[in-house]
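**Student:** The following file, query-v9.csv, comprises CSV, C-alpha atoms:
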chain,number,residue,atom,x,y,z
A,4,MET,CA,2.0,22.4,3.7
A,5,HIS,CA,0.9,22.4,0.1
A,6,ALA,CA,0.6,25.8,-1.5
A,7,GLU,CA,-3.1,25.5,-2.4
A,8,SER,CA,-5.8,26.0,0.3
A,9,PRO,CA,-6.9,22.6,1.7
A,10,VAL,CA,-10.4,21.4,1.0
A,11,TRP,CA,-10.6,17.6,0.7
A,12,SER,CA,-14.2,17.6,-0.3
A,13,ILE,CA,-16.3,14.4,-0.9
A,14,GLU,CA,-19.2,16.3,-2.4
A,15,GLU,CA,-19.1,14.2,-5.6
A,16,ILE,CA,-19.2,11.0,-3.7
A,17,ALA,CA,-22.1,12.2,-1.5
A,18,ALA,CA,-24.1,13.1,-4.6
A,19,SER,CA,-23.9,9.6,-6.0
A,20,ASN,CA,-23.5,7.5,-2.9
A,21,PRO,CA,-24.5,9.1,0.4
A,22,SER,CA,-23.9,6.0,2.5
A,23,ARG,CA,-20.3,5.8,1.2
A,24,ALA,CA,-19.9,9.5,2.0
A,25,ARG,CA,-21.1,9.1,5.5
A,26,LEU,CA,-18.5,6.3,6.1
A,27,LEU,CA,-15.8,8.6,4.8
A,28,GLU,CA,-17.0,11.5,7.0
A,29,ASP,CA,-17.1,9.2,10.0
A,30,ALA,CA,-13.6,7.7,9.3
A,31,PRO,CA,-11.4,7.1,12.4
A,32,ALA,CA,-8.4,9.2,13.2
A,33,THR,CA,-5.2,8.8,11.2
A,34,GLU,CA,-3.5,6.6,13.8
A,35,SER,CA,-6.6,4.5,14.2
A,36,ILE,CA,-6.7,3.8,10.5
A,37,ALA,CA,-3.1,2.6,10.6
A,38,VAL,CA,-3.9,0.4,13.6
A,39,ALA,CA,-6.8,-1.2,11.7
A,40,VAL,CA,-4.6,-1.9,8.7
A,41,VAL,CA,-2.0,-3.5,10.8
A,42,ALA,CA,-4.6,-5.5,12.7
A,43,SER,CA,-5.9,-6.8,9.3
A,44,PHE,CA,-2.4,-7.9,8.5
A,45,ARG,CA,-1.9,-9.6,11.9
A,46,ALA,CA,-5.2,-11.5,11.6
A,47,ALA,CA,-4.2,-12.7,8.1
A,48,LEU,CA,-0.7,-13.7,9.2
A,49,GLU,CA,-2.1,-15.7,12.2
A,50,VAL,CA,-4.2,-17.8,9.9
A,51,GLY,CA,-1.7,-18.1,7.1
A,52,ILE,CA,-3.6,-16.2,4.4
A,53,VAL,CA,-1.1,-13.4,3.7
A,54,ARG,CA,0.0,-13.9,0.1
A,55,MET,CA,3.7,-13.5,-0.3
A,56,GLY,CA,5.8,-13.0,-3.4
A,57,MET,CA,9.5,-12.6,-4.0
A,58,GLU,CA,9.9,-10.4,-7.0
A,59,GLN,CA,13.1,-10.3,-9.1
A,60,SER,CA,14.6,-7.0,-9.9
A,61,GLY,CA,14.7,-5.8,-13.5
A,62,PHE,CA,18.3,-4.8,-13.0
A,63,ASN,CA,19.4,-8.2,-11.6
A,64,PRO,CA,17.2,-11.2,-11.2
A,65,ASN,CA,19.2,-12.4,-8.2
A,66,ASP,CA,18.1,-9.3,-6.3
A,67,LEU,CA,14.7,-10.0,-4.6
A,68,ARG,CA,12.1,-8.0,-2.7
A,69,ILE,CA,9.2,-9.2,-0.7
A,70,ILE,CA,5.6,-8.4,-1.6
A,71,LEU,CA,3.0,-8.9,1.1
A,72,GLN,CA,-0.7,-9.0,0.1
A,73,PHE,CA,-3.6,-9.0,2.5
A,74,HIS,CA,-7.3,-8.2,2.5
A,75,ILE,CA,-8.6,-5.2,4.3
A,76,GLY,CA,-12.2,-4.9,3.2
A,77,GLU,CA,-14.1,-2.3,1.3
A,78,VAL,CA,-14.8,0.2,4.1
A,79,LEU,CA,-11.3,0.3,5.5
A,80,SER,CA,-9.8,0.5,2.0
A,81,ASP,CA,-12.0,3.5,1.2
A,82,GLN,CA,-11.1,5.2,4.4
A,83,PHE,CA,-7.5,4.4,4.0
A,84,PHE,CA,-7.2,6.0,0.6
A,85,ASN,CA,-10.0,8.6,0.5
A,86,ALA,CA,-10.8,9.9,4.0
A,87,ASN,CA,-9.4,13.2,5.2
A,88,THR,CA,-7.6,11.1,7.9
A,89,GLY,CA,-6.2,8.5,5.5
A,90,TYR,CA,-3.0,7.6,3.8
A,91,ARG,CA,-3.1,10.0,0.9
A,92,ALA,CA,-4.4,12.9,3.0
A,93,GLU,CA,-1.2,12.5,5.1
A,94,PHE,CA,1.0,12.9,2.0
A,95,ARG,CA,-1.1,15.9,0.9
A,96,ARG,CA,-0.5,17.6,4.2
A,97,GLY,CA,3.2,17.2,3.6
A,98,TRP,CA,5.3,14.5,1.8
A,99,GLN,CA,7.5,14.1,4.9
A,100,GLN,CA,4.4,13.5,7.0
A,101,GLY,CA,3.2,10.9,4.5
A,102,LEU,CA,6.6,9.2,4.5
A,103,GLU,CA,6.5,8.9,8.3
A,104,TYR,CA,3.0,7.5,8.2
A,105,ASN,CA,4.0,4.9,5.6
A,106,ARG,CA,7.1,4.1,7.6
A,107,SER,CA,5.1,3.6,10.8
A,108,ILE,CA,2.8,1.0,9.1
A,109,VAL,CA,5.7,-0.9,7.6
A,110,THR,CA,7.6,-0.9,10.9
A,111,ARG,CA,4.6,-2.4,12.7
A,112,VAL,CA,4.2,-5.1,10.0
A,113,ARG,CA,7.9,-5.9,10.1
A,114,THR,CA,7.7,-6.3,13.9
A,115,LEU,CA,4.8,-8.8,13.5
A,116,ILE,CA,7.0,-10.8,11.0
A,117,ALA,CA,10.0,-10.6,13.3
A,118,ASN,CA,8.0,-11.8,16.3
A,119,SER,CA,6.3,-14.7,14.3
A,120,LEU,CA,7.1,-18.2,15.4
A,121,LEU,CA,7.4,-19.3,11.8
A,122,LEU,CA,10.9,-19.4,10.4
A,123,THR,CA,9.8,-19.8,6.8
A,124,PHE,CA,6.7,-18.8,4.7
A,125,PRO,CA,5.3,-20.2,1.5
A,126,ALA,CA,5.6,-17.6,-1.3
A,127,ARG,CA,5.8,-17.4,-5.1
A,128,LEU,CA,8.8,-16.4,-7.2
A,129,LEU,CA,7.8,-13.5,-9.5
A,130,THR,CA,9.7,-12.0,-12.4
A,131,HIS,CA,10.0,-8.2,-12.7
A,132,ASN,CA,7.0,-8.3,-15.0
A,133,PHE,CA,5.1,-10.1,-12.2
A,134,ASP,CA,4.9,-13.4,-14.0
A,135,ASP,CA,4.6,-16.4,-11.5
A,136,CYS,CA,7.6,-18.7,-11.7
A,137,GLY,CA,6.4,-21.2,-9.1
A,138,ALA,CA,6.6,-21.9,-5.4
A,139,PHE,CA,9.3,-20.3,-3.3
A,140,VAL,CA,10.1,-20.6,0.4
A,141,VAL,CA,11.0,-17.3,1.9
A,142,THR,CA,12.8,-17.1,5.2
A,143,HIS,CA,11.9,-15.0,8.2
A,144,GLU,CA,15.2,-13.2,7.8
A,145,GLN,CA,14.6,-12.4,4.1
A,146,VAL,CA,11.2,-10.9,4.8
A,147,CYS,CA,12.6,-8.6,7.5
A,148,ALA,CA,15.7,-7.7,5.5
A,149,SER,CA,13.5,-6.5,2.6
A,150,LEU,CA,11.1,-4.6,4.8
A,151,VAL,CA,13.3,-1.6,5.2
A,152,PRO,CA,10.9,0.9,6.8
A,153,GLU,CA,12.3,4.0,4.9
A,154,MET,CA,12.3,2.2,1.6
A,155,SER,CA,9.2,0.0,1.6
A,156,LYS,CA,5.8,1.2,0.5
A,157,VAL,CA,2.1,0.6,1.1
A,158,TRP,CA,-0.4,0.8,-1.8
A,159,PHE,CA,-3.4,-0.9,-3.2
A,160,CYS,CA,-2.9,-4.3,-4.8
A,161,ALA,CA,-3.1,-4.2,-8.6
A,162,ARG,CA,-2.0,-7.8,-9.3
A,163,LEU,CA,-3.1,-10.4,-6.8
A,164,ILE,CA,-1.0,-13.5,-6.3
A,165,THR,CA,-3.3,-16.5,-6.4
A,166,GLY,CA,-0.8,-19.2,-5.4
A,167,ASP,CA,-1.6,-21.5,-8.3
A,168,GLY,CA,0.8,-20.1,-10.9
A,169,GLN,CA,-1.6,-17.3,-11.9
A,170,VAL,CA,-1.8,-13.6,-11.1
A,171,THR,CA,-5.1,-11.9,-11.2
A,172,GLN,CA,-5.4,-8.3,-12.4
A,173,LEU,CA,-7.7,-6.3,-10.0
A,174,PRO,CA,-9.7,-3.3,-11.0
A,175,THR,CA,-8.0,-0.1,-10.2
A,176,GLY,CA,-11.1,1.6,-8.9
A,177,VAL,CA,-10.1,5.0,-10.2
A,178,VAL,CA,-13.3,5.7,-12.2
A,179,GLY,CA,-16.3,7.4,-10.8
A,180,PRO,CA,-16.7,10.4,-8.5
A,181,ARG,CA,-13.6,12.3,-7.5
A,182,LEU,CA,-12.2,14.0,-4.4
A,183,ARG,CA,-11.8,17.7,-4.6
A,184,ILE,CA,-8.4,18.3,-2.9
A,185,ASP,CA,-8.2,22.1,-3.2
A,186,GLU,CA,-9.6,24.9,-5.3
A,187,ARG,CA,-8.0,23.6,-8.5
A,188,THR,CA,-7.2,20.0,-7.9
A,189,THR,CA,-9.2,16.8,-8.0
A,190,TRP,CA,-8.0,13.2,-7.4
A,191,ALA,CA,-9.5,9.9,-8.2
A,192,ALA,CA,-11.4,8.5,-5.2
A,193,ILE,CA,-10.0,5.0,-5.3
A,194,ALA,CA,-13.0,2.7,-4.9
A,195,ARG,CA,-12.7,-1.0,-4.6
A,196,ASP,CA,-15.4,-3.5,-3.8
A,197,ASP,CA,-14.8,-6.0,-1.0
A,198,GLU,CA,-13.4,-8.7,-3.3
A,199,SER,CA,-10.8,-6.3,-4.6
A,200,ALA,CA,-9.9,-4.5,-1.4
A,201,TRP,CA,-6.4,-5.8,-0.9
A,202,LEU,CA,-3.2,-4.0,0.1
A,203,ASP,CA,0.4,-4.5,-1.0
A,204,ILE,CA,3.4,-3.9,1.2
A,205,ILE,CA,6.4,-3.9,-1.0
A,206,GLY,CA,9.9,-4.1,0.4
A,207,ALA,CA,13.2,-3.1,-1.0
A,208,PHE,CA,15.3,-5.2,-3.3
A,209,ILE,CA,18.1,-7.1,-1.5
A,210,GLY,CA,21.2,-8.3,-3.2
A,211,SER,CA,25.0,-8.0,-2.8
A,212,GLY,CA,24.9,-4.3,-2.3
A,213,GLU,CA,22.7,-1.9,-0.4
A,214,PRO,CA,18.9,-2.3,-0.4
A,215,TYR,CA,17.2,-0.2,-3.1
A,216,GLN,CA,14.0,0.7,-4.9
A,217,PRO,CA,13.8,1.5,-8.6
A,218,LYS,CA,11.5,4.4,-7.7
A,219,ASN,CA,13.1,6.8,-5.2
A,220,PRO,CA,10.9,6.9,-2.1
A,221,LEU,CA,11.2,10.7,-1.9
A,222,GLU,CA,10.1,11.1,-5.5
A,223,ARG,CA,7.2,8.8,-4.8
A,224,ALA,CA,6.2,10.8,-1.7
A,225,LYS,CA,6.3,14.1,-3.6
A,226,LYS,CA,4.2,12.7,-6.5
A,227,LEU,CA,1.7,11.4,-3.9
A,228,GLN,CA,1.5,14.9,-2.4
A,229,ALA,CA,1.0,16.5,-5.8
A,230,SER,CA,-1.3,14.1,-7.5
A,231,GLY,CA,-2.5,11.4,-5.1
A,232,GLU,CA,-0.9,8.8,-7.4
A,233,ALA,CA,2.1,6.6,-6.6
Please express what this file holds, its structure, as structure tokens.

**Tutor:**
Amino acid sequence: MHAESPVWSIEEIAASNPSRARLLEDAPATESIAVAVVASFRAALEVGIVRMGMEQSGFNPNDLRIILQFHIGEVLSDQFFNANTGYRAEFRRGWQQGLEYNRSIVTRVRTLIANSLLLTFPARLLTHNFDDCGAFVVTHEQVCASLVPEMSKVWFCARLITGDGQVTQLPTGVVGPRLRIDERTTWAAIARDDESAWLDIIGAFIGSGEPYQPKNPLERAKKLQASGEA
């Protein structure tokens, strides 16, 4: 448990947007939010609208990791990031707890890919700077290999793969009313309109050695617990 007394107040949001505050107050339980996120991924996968990228490592361009992008909608996005039962709240309660929640979502998404009847998926090859290098076919095995549950991460999509050689920068949504986390701490209440409400699931880099992430998952988890930022 974090040293400060827990609060997680949405008073600032309620003052400026009461309807948004009510949706946050009425957010489902933590597990139900995870189920809804995975259901959004399943629905997108079934109709072929998950956007996939294979990103090159800045250390070695031959090392690649999968990026899965899917739309979750404005309300679920708000509850996922800002509700007291959401993703960041789990990390605030304890970085180990947050890691387990992240792992559980990745594991379920990986299982959906593993059980898919498709052997290959259309994707885009991306540089480590996220420049689009063109069409790329990613295999079922490559996706599953990269989605190492303990090393993969869920976060909001900042740069959306468009599939036509371009990448669209999405608004971060970190301006506006803030969450009060405890007596001394406030966090940005990540607010994204429906058009921008996409999630990333980012796998580990796969190459000749062991899977890896440039940012240590434990360090990321502890930063999320302390600041709400990844």

**Student:** Which is closer to Ala42 of chain A than all the others in A:Phe62, A:Tyr90, A:Phe73, A:Phe124, using all atoms listed in the file?

**Tutor:**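 Smallest separation from Ala42 of chain A among the options: A:Phe73.
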
**Student:** Which residues of segment 118-175 of chain A come within 7 Å of segment 91-107 of chain A, and what is each one's closest atom pair and distance in Å (one decimal), counting only C-alpha atoms, sorted by chain and residue number, as JSON lines?

**Tutor:**
{"residue": "A:Pro152", "atom": "CA", "partner": "A:Arg106", "partner_atom": "CA", "distance": 5.0}
{"residue": "A:Glu153", "atom": "CA", "partner": "A:Arg106", "partner_atom": "CA", "distance": 5.9}
{"residue": "A:Lys156", "atom": "CA", "partner": "A:Asn105", "partner_atom": "CA", "distance": 6.6}
{"residue": "A:Val157", "atom": "CA", "partner": "A:Asn105", "partner_atom": "CA", "distance": 6.5}

**Student:** What is the atom CA of Arg113 of chain A to atom CA of Asp196 of chain A distance in Å?

**Tutor:**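 Spanning atom CA of Arg113 of chain A to atom CA of Asp196 of chain A is a straight-line distance of 27.2 Å.
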
**Student:** Please report as CSV every residue of segment 14-133 of chain A lying within 9 Å of segment 159-175 of chain A, along with the nearest atom pair and their distance in Å (one decimal), using all atoms listed in the file.

**Tutor:**
residue,atom,partner,partner_atom,distance
A:Arg54,CA,A:Ile164,CA,6.5
A:Met55,CA,A:Ile164,CA,7.6
A:Gly56,CA,A:Ile164,CA,7.4
A:Gln72,CA,A:Cys160,CA,7.1
A:Phe73,CA,A:Cys160,CA,8.7
A:Ser80,CA,A:Phe159,CA,8.4
A:Phe84,CA,A:Phe159,CA,8.7
A:Ala126,CA,A:Gly166,CA,7.8
A:Arg127,CA,A:Gly166,CA,6.8
A:Phe133,CA,A:Val170,CA,7.8

**Student:** Restrict the selected residues to C-alpha atoms and save them as a compact mmCIF listing (two decimals), keeping the file's coordinate frame.

**Tutor:**
# COMPACT_ATOMS: atom_id res chain seq x y z
CA ARG A 54 0.00 -13.90 0.10
CA MET A 55 3.70 -13.50 -0.30
CA GLY A 56 5.80 -13.00 -3.40
CA GLN A 72 -0.70 -9.00 0.10
CA PHE A 73 -3.60 -9.00 2.50
CA SER A 80 -9.80 0.50 2.00
CA PHE A 84 -7.20 6.00 0.60
CA ALA A 126 5.60 -17.60 -1.30
CA ARG A 127 5.80 -17.40 -5.10
CA PHE A 133 5.10 -10.10 -12.20

**Student:** Have a look at atom CA of Ile193 of chain A and atom CA of Thr130 of chain A and let me know their distance in Å, one decimal.

**Tutor:**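 Pair atom CA of Ile193 of chain A / atom CA of Thr130 of chain A returns 27.0 Å.
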
**Student:** Could you give me, as a PyMOL selection string, the residues within 9 Å of Glu77 of chain A, counting only C-alpha atoms and dropping anything in the same chain fewer than 3 positions from it?

**Tutor:** chain A and resi 80-82+194-201
